[in-house]
Amino acid sequence: MALLAAGCGGGDDDDATEDTEAPAGDDGATDTTAPREEVPEDLANLEIDRSQRFAPLDTFCKPSDEEPEEAPEATDEGITEDSIAISHIRVTLEDLEGIGFAIPIGEPADQVETFVNIVNERCGGIHGRMLDLSLVEAPPLAPAGQDPAAIAEAACIEATEDNQAVFAFSGSGWGGQGGASCVVGDHDTIFLTTYTISPDDLAVSENRLYSVAHSPEQALRYLAKTLDADGELEGKTIGVVQADGVGEPEIVQAGLIDTLEDLGYEVARVDTLGCGGGNSCTEGVIPAAQGMIADGVDAIFPLLNVISMPAFIQELVNQGAQPGDFQFFNTSYNAQSGDLVSSKVIDFGGPEAGALYNGAIIVASGATGDFRTPGYEPPEFAEMCNREYQEAGGDVYTATDPETNSAYGATTGSCSFVRLIARAVDMAGPNPTREDLAEAMENMGAIDGGNQIPSSFAPGKYTAPNQLNRMIWNYPCPEDMKPFGPGMCILPEGEAFPVPTDD
């Protein structure tokens, strides 16, 4: 459940001290424990050609003032002489409200439809074609007795076979349980996502799968390498808690545990919670908490989703754990790098769980909470997207307002997906095939991400972010900062730094 990790926030995307004092320093952020390099020049200096129709920062797109170079004609499935089929696959996150997991991200279906209408109506389509948008909805939790993989396949079939989508995209975390592989591997559809794609997904995708977030293995590997460079794991007894969802133990093993062992650390304890084929992972939570305490673990990686992590942290409290007993570490895996998802520790675990998790160190691509720091200015791209949405009749969201920050980010994410597709269609020329469009996306170069962090796609590079940030999870939120929901907040620490090398 990536939960719009790409866009959530003038910082709610994706490190930590035990105190709750306001960050020190003139810029409102503390220094990291190790010096950081600049983002590599070849990535930091990538620039978008803002003269392109779908690249300005002052408007979503420029109307075409030229006739198509060739008369449009049908070239491939989903590409007719007057349209290109695209599908928005939306997880119905509102269904989580019944179990207390409200997700205040506005109206993603309306956001996407608004930006597609801007392309078609204000800007006259692309090379004589309009974007033909369809909406596919999928539940966040499989109904009792139903196979989650079958539900994922049904959404895939609707998008690719029923709607003949050339592009499919999801900003709400859809793609697990084989969904992404079904779209790109079985149906040759280009898929853009915030879902943290796996090596298995990429293995069948050729050049058709793109994520604006790091893959889970990348996120966990970068977390381990950053913590090692910062000296955070020295002398620690390390424990890992994971879920038994499809592929998750393999991801954690390859991304985190193997990396830690390669760096010379011993992982003292690994607990796998049973999820019963769903998303609520409660089987084994009590012995996992008891074992962490009994084995003297003092550094925990709680790699669980929005529903399951609060129960684990609360169980540690139930077993007698006190603030300061553990140093927690997390990342964008399962979207735990954002205010919205990680705040559920308090919503469902209570203040004691919040006090225990306080000081968690988070390493991820987005600088969650940067809107709280002095002198913050929203990225131009995000401001343009929200302005365009509002002028088209959409609700008003603000980057610096914790109440609407997530919806502001979701709007930016929807805007980014539609514009990426429009850029690829424009770059591919007047009568492209599906292969031409995949090649255009693959050679996109620099892109506008939700938080305008340095991001790009290139041959062999299908996850966009080129940098990382270190952040601290705070409860309670410092008095001079803007809290989220139950009084917590994530704050960035130091400057952005490049992703570690794999040397």
# chains A, B, ... in the order shown; residues from 1 in each chain; ligands from 1

$ residues_around --residues "Val212 of chain A" --least-positions-apart "3" --cutoff "8 Å" --atoms "only C-alpha atoms" --output "list in words"
Ala6, Leu192, Thr193, Thr194, Gly449, Ser455, Thr463, Ala464 and Pro465 of chain A

$ write_last_selection --atoms "C-alpha atoms" --output "short mmCIF file (atom, residue, chain, number, x, y, z; two decimals), in the first residue's frame"
data_model
loop_
_atom_site.label_atom_id
_atom_site.label_comp_id
_atom_site.auth_asym_id
_atom_site.auth_seq_id
_atom_site.Cartn_x
_atom_site.Cartn_y
_atom_site.Cartn_z
CA ALA A 6 5.03 9.83 -4.87
CA LEU A 192 3.43 3.84 -14.03
CA THR A 193 3.15 3.46 -10.29
CA THR A 194 4.05 4.44 -6.76
CA GLY A 449 8.32 14.18 -9.46
CA SER A 455 14.35 12.07 -10.64
CA THR A 463 12.82 3.74 -10.52
CA ALA A 464 12.98 7.51 -10.64
CA PRO A 465 14.50 9.07 -7.45
#

$ select_by_dssp --residues "segment 182-220 of chain A" --states "alpha helix (DSSP H)" --output "PyMOL selection string"
chain A and resi 199-203+216-220

$ write_last_selection --atoms "C-alpha atoms" --output "short mmCIF file (atom, residue, chain, number, x, y, z; two decimals), in the first residue's frame"
data_model
loop_
_atom_site.label_atom_id
_atom_site.label_comp_id
_atom_site.auth_asym_id
_atom_site.auth_seq_id
_atom_site.Cartn_x
_atom_site.Cartn_y
_atom_site.Cartn_z
CA PRO A 199 12.82 -7.71 -9.18
CA ASP A 200 10.25 -10.29 -10.34
CA ASP A 201 8.07 -7.49 -11.69
CA LEU A 202 11.02 -5.99 -13.54
CA ALA A 203 12.14 -9.36 -14.88
CA PRO A 216 11.56 -2.16 -1.92
CA GLU A 217 14.93 -3.87 -2.26
CA GLN A 218 16.52 -0.54 -3.19
CA ALA A 219 14.86 1.26 -0.29
CA LEU A 220 16.03 -1.34 2.23
#

$ residues_around --residues "Pro430 of chain A" --least-positions-apart "6" --cutoff "9 Å" --atoms "only C-alpha atoms" --output "list in words"
Pro68, Glu69, Glu70, Ala71, Pro72, Glu73, Ile126, His127, Gly128 and Arg129 of chain A

$ residues_around --residues "segment 321-326 of chain A" --least-positions-apart "2" --cutoff "8 Å" --atoms "only C-alpha atoms" --output "VMD selection string"
chain A and resid 18 293 297 to 300 316 to 319 328 355 to 358

$ atom_distance --atom1 "atom CA of Val306 of chain A" --atom2 "atom CA of Ala353 of chain A"
14.2 Å

$ closest_residue --among "A:Gln314, A:Val240, A:Asp401, A:Ile251" --to "Asn330 of chain A" --atoms "only C-alpha atoms"
A:Val240

$ atom_distance --atom1 "atom CA of Pro56 of chain A" --atom2 "atom CA of Arg372 of chain A"
27.1 Å

$ atom_distance --atom1 "atom CA of Gly394 of chain A" --atom2 "atom CA of Ile190 of chain A"
28.0 Å

$ closest_residue --among "A:Ala410, A:Ile307, A:Met384, A:Val425" --to "Ala109 of chain A" --atoms "only C-alpha atoms"
A:Ala410

$ residues_around --residues "segment 257-267 of chain A" --least-positions-apart "4" --cutoff "7 Å" --atoms "only C-alpha atoms" --output "count of residues only"
6

$ residues_around --residues "Arg423 of chain A" --least-positions-apart "5" --cutoff "8 Å" --atoms "only C-alpha atoms" --output "list in words"
Arg53, Phe54 and Ala55 of chain A

$ write_last_selection --atoms "N, CA and C atoms" --output "mmCIF file, in the first residue's frame"
data_model
loop_
_atom_site.group_PDB
_atom_site.id
_atom_site.type_symbol
_atom_site.label_atom_id
_atom_site.label_comp_id
_atom_site.auth_asym_id
_atom_site.auth_seq_id
_atom_site.Cartn_x
_atom_site.Cartn_y
_atom_site.Cartn_z
ATOM 1 N N ARG A 53 5.794 20.890 -25.057
ATOM 2 C CA ARG A 53 4.394 21.214 -24.784
ATOM 3 C C ARG A 53 3.964 20.803 -23.386
ATOM 4 N N PHE A 54 4.481 19.692 -22.904
ATOM 5 C CA PHE A 54 4.038 19.174 -21.615
ATOM 6 C C PHE A 54 5.157 19.244 -20.577
ATOM 7 N N ALA A 55 5.865 20.375 -20.558
ATOM 8 C CA ALA A 55 6.984 20.527 -19.635
ATOM 9 C C ALA A 55 7.044 21.863 -18.904
#

$ residues_around --residues "Glu377 of chain A" --least-positions-apart "6" --cutoff "10 Å" --atoms "only C-alpha atoms" --output "list in words"
Gly10, Asp370, Phe371, Glu383, Ala399 and Thr400 of chain A

$ write_last_selection --atoms "N, CA and C atoms" --output "mmCIF file, in the first residue's frame"
data_model
loop_
_atom_site.group_PDB
_atom_site.id
_atom_site.type_symbol
_atom_site.label_atom_id
_atom_site.label_comp_id
_atom_site.auth_asym_id
_atom_site.auth_seq_id
_atom_site.Cartn_x
_atom_site.Cartn_y
_atom_site.Cartn_z
ATOM 1 N N GLY A 10 4.064 18.236 0.290
ATOM 2 C CA GLY A 10 5.177 19.106 0.171
ATOM 3 C C GLY A 10 6.118 18.464 1.110
ATOM 4 N N ASP A 370 9.277 18.669 5.156
ATOM 5 C CA ASP A 370 10.044 19.869 4.823
ATOM 6 C C ASP A 370 9.178 21.120 4.858
ATOM 7 N N PHE A 371 7.862 20.949 4.663
ATOM 8 C CA PHE A 371 6.976 22.103 4.708
ATOM 9 C C PHE A 371 6.903 22.713 6.109
ATOM 10 N N GLU A 383 2.932 23.469 -7.076
ATOM 11 C CA GLU A 383 2.058 24.635 -7.035
ATOM 12 C C GLU A 383 1.268 24.775 -8.331
ATOM 13 N N ALA A 399 0.066 23.215 0.631
ATOM 14 C CA ALA A 399 1.239 22.419 0.983
ATOM 15 C C ALA A 399 1.602 22.526 2.448
ATOM 16 N N THR A 400 1.372 23.679 3.057
ATOM 17 C CA THR A 400 1.819 23.899 4.428
ATOM 18 C C THR A 400 0.738 23.628 5.471
#

$ closest_residue --among "A:Lys461, A:Lys482, A:Arg434, A:Lys225" --to "Ile86 of chain A" --atoms "only C-alpha atoms"
A:Arg434

$ closest_residue --among "A:Ala440, A:Ile472, A:Leu420, A:Leu93" --to "Pro459 of chain A" --atoms "only C-alpha atoms"
A:Ala440

$ closest_residue --among "A:Asn207, A:Thr282, A:Ser343, A:Thr237" --to "Ala458 of chain A" --atoms "only C-alpha atoms"
A:Asn207

$ closest_atom_pairs --of "segment 370-442 of chain A" --to "segment 156-166 of chain A" --cutoff "12 Å" --atoms "only C-alpha atoms" --output "tab-separated table"
residue	atom	partner	partner_atom	distance
A:Ile421	CA	A:Val166	CA	10.0
A:Ala424	CA	A:Val166	CA	11.6
A:Val425	CA	A:Val166	CA	10.5
A:Pro432	CA	A:Val166	CA	11.1
A:Thr433	CA	A:Val166	CA	9.4
A:Arg434	CA	A:Val166	CA	6.6
A:Glu435	CA	A:Val166	CA	9.9
A:Asp436	CA	A:Val166	CA	11.1
A:Leu437	CA	A:Val166	CA	8.6
A:Ala438	CA	A:Val166	CA	9.4

$ write_last_selection --atoms "C-alpha atoms" --output "PDB file, in the first residue's frame"
ATOM      1  CA  ILE A 421       2.094   9.953 -20.262  1.00  0.00           C
ATOM      2  CA  ALA A 424       5.836  10.167 -23.817  1.00  0.00           C
ATOM      3  CA  VAL A 425       3.038  10.357 -26.397  1.00  0.00           C
ATOM      4  CA  PRO A 432       3.527   5.521 -32.554  1.00  0.00           C
ATOM      5  CA  THR A 433       3.195   1.852 -31.730  1.00  0.00           C
ATOM      6  CA  ARG A 434       3.143   0.539 -28.177  1.00  0.00           C
ATOM      7  CA  GLU A 435       6.833  -0.250 -28.569  1.00  0.00           C
ATOM      8  CA  ASP A 436       7.544   3.332 -29.631  1.00  0.00           C
ATOM      9  CA  LEU A 437       5.731   4.672 -26.576  1.00  0.00           C
ATOM     10  CA  ALA A 438       7.628   2.373 -24.205  1.00  0.00           C
TER      11      ALA A 438
END

$ closest_residue --among "A:Arg208, A:Phe348, A:Asp228, A:Thr80" --to "Asn443 of chain A" --atoms "only C-alpha atoms"
A:Arg208

$ select_by_dssp --residues "segment 155-270 of chain A" --states "strand (DSSP E)" --output "list in words"
Phe167, Ala168, Phe169, Ser170, Ile190, Phe191, Leu192, Thr193, Leu209, Tyr210, Ser211, Ile238, Gly239, Val240, Val241, Gln242, Ala243, Val267, Ala268, Arg269 and Val270 of chain A

$ write_last_selection --atoms "C-alpha atoms" --output "PDB file, in the first residue's frame"
ATOM      1  CA  PHE A 167      -0.729   3.074 -20.430  1.00  0.00           C
ATOM      2  CA  ALA A 168      -2.018   2.124 -16.988  1.00  0.00           C
ATOM      3  CA  PHE A 169      -1.076   3.972 -13.823  1.00  0.00           C
ATOM      4  CA  SER A 170      -1.816   3.943 -10.107  1.00  0.00           C
ATOM      5  CA  ILE A 190       3.135   0.394 -19.885  1.00  0.00           C
ATOM      6  CA  PHE A 191       2.551   0.779 -16.133  1.00  0.00           C
ATOM      7  CA  LEU A 192       3.434   3.838 -14.035  1.00  0.00           C
ATOM      8  CA  THR A 193       3.146   3.456 -10.288  1.00  0.00           C
ATOM      9  CA  LEU A 209       7.330  -0.802 -15.798  1.00  0.00           C
ATOM     10  CA  TYR A 210       8.163   2.535 -14.130  1.00  0.00           C
ATOM     11  CA  SER A 211       7.967   3.622 -10.503  1.00  0.00           C
ATOM     12  CA  ILE A 238      19.481  -5.926  15.492  1.00  0.00           C
ATOM     13  CA  GLY A 239      15.968  -7.294  15.052  1.00  0.00           C
ATOM     14  CA  VAL A 240      13.749  -7.377  11.967  1.00  0.00           C
ATOM     15  CA  VAL A 241       9.972  -7.813  11.823  1.00  0.00           C
ATOM     16  CA  GLN A 242       8.406  -8.621   8.460  1.00  0.00           C
ATOM     17  CA  ALA A 243       5.148  -9.910   6.995  1.00  0.00           C
ATOM     18  CA  VAL A 267      20.966  -9.808  12.562  1.00  0.00           C
ATOM     19  CA  ALA A 268      20.088 -11.349  15.913  1.00  0.00           C
ATOM     20  CA  ARG A 269      16.408 -11.957  15.332  1.00  0.00           C
ATOM     21  CA  VAL A 270      13.958 -12.083  12.388  1.00  0.00           C
TER      22      VAL A 270
END
